Amino acid sequence: GSSGFGMKIMTEEGSGYPTIAEVVAGGAAALSKQLFVGDEILSVNGTSVQGVDHDAMVDILRSSEEVVLVVRRGDAARVSTALREGHVV
């Protein structure tokens, strides 16, 4: 599903991390220039989201107007990005 942050999240069954499946042009995620398709979301607002199912992940994102995401791209260093619904913080 899409969030107010301009990205779609894909979750896999099991212990994996949610992954960014799509970054919507003009959305907060795209405007941050720090979030990309394939990035694993490690935490939201300091809370690990490992193994969280899709519905719970959508609820987590929808419950906040502003989130801090920590993502990992492959084996690269972690990136922390703050987003506010509709635009970048």
# chains A, B, ... in the order shown; residues from 1 in each chain; ligands from 1

call {"tool": "residues_around", "arguments": {"residues": "A:Leu83", "least_positions_apart": "4", "cutoff": "12 Å", "atoms": "only C-alpha atoms", "output": "list of chain:residue names"}}
result
A:Ser3, A:Gly4, A:Phe5, A:Gly6, A:Met7, A:Gly27, A:Ala28, A:Ala29, A:Ala30, A:Leu31, A:Ser32, A:Lys33, A:Gln34, A:Leu35, A:Val44, A:Asn45, A:Leu61, A:Ser64, A:Glu65, A:Glu66, A:Val67, A:Val68, A:Leu69, A:Val70, A:His87, A:Val88, A:Val89

call {"tool": "select_by_dssp", "arguments": {"residues": "chain A", "states": "alpha helix (DSSP H)", "output": "compact mmCIF listing (two decimals) with C-alpha atoms, in the first residue's frame"}}
result
# COMPACT_ATOMS: atom_id res chain seq x y z
CA ALA A 28 8.21 13.13 0.42
CA ALA A 29 10.30 9.99 -0.08
CA ALA A 30 11.37 11.06 -3.59
CA LEU A 31 12.04 14.63 -2.51
CA SER A 32 14.31 13.42 0.30
CA HIS A 54 2.24 -5.41 5.89
CA ASP A 55 -0.90 -4.20 7.68
CA ALA A 56 1.06 -3.34 10.82
CA MET A 57 3.66 -1.48 8.76
CA VAL A 58 0.97 0.58 7.04
CA ASP A 59 -0.58 1.36 10.44
CA ILE A 60 2.79 2.46 11.81
CA LEU A 61 3.30 4.85 8.90
CA ARG A 62 -0.27 6.16 8.92

call {"tool": "closest_residue", "arguments": {"among": "A:Leu42, A:Val52, A:Met10, A:Val24", "to": "A:Arg72", "atoms": "only C-alpha atoms"}}
result
A:Leu42

call {"tool": "closest_residue", "arguments": {"among": "A:Gly14, A:Thr19, A:Ala77, A:Ile9", "to": "A:Ile41", "atoms": "only C-alpha atoms"}}
result
A:Thr19

call {"tool": "closest_residue", "arguments": {"among": "A:Gly74, A:Gly51, A:Gly38, A:Gly46", "to": "A:Ser15", "atoms": "only C-alpha atoms"}}
result
A:Gly51

call {"tool": "residues_around", "arguments": {"residues": "A:Asp75", "least_positions_apart": "3", "cutoff": "12 Å", "atoms": "only C-alpha atoms", "output": "ChimeraX atom specification"}}
result
/A:39-40,71-72,78-79
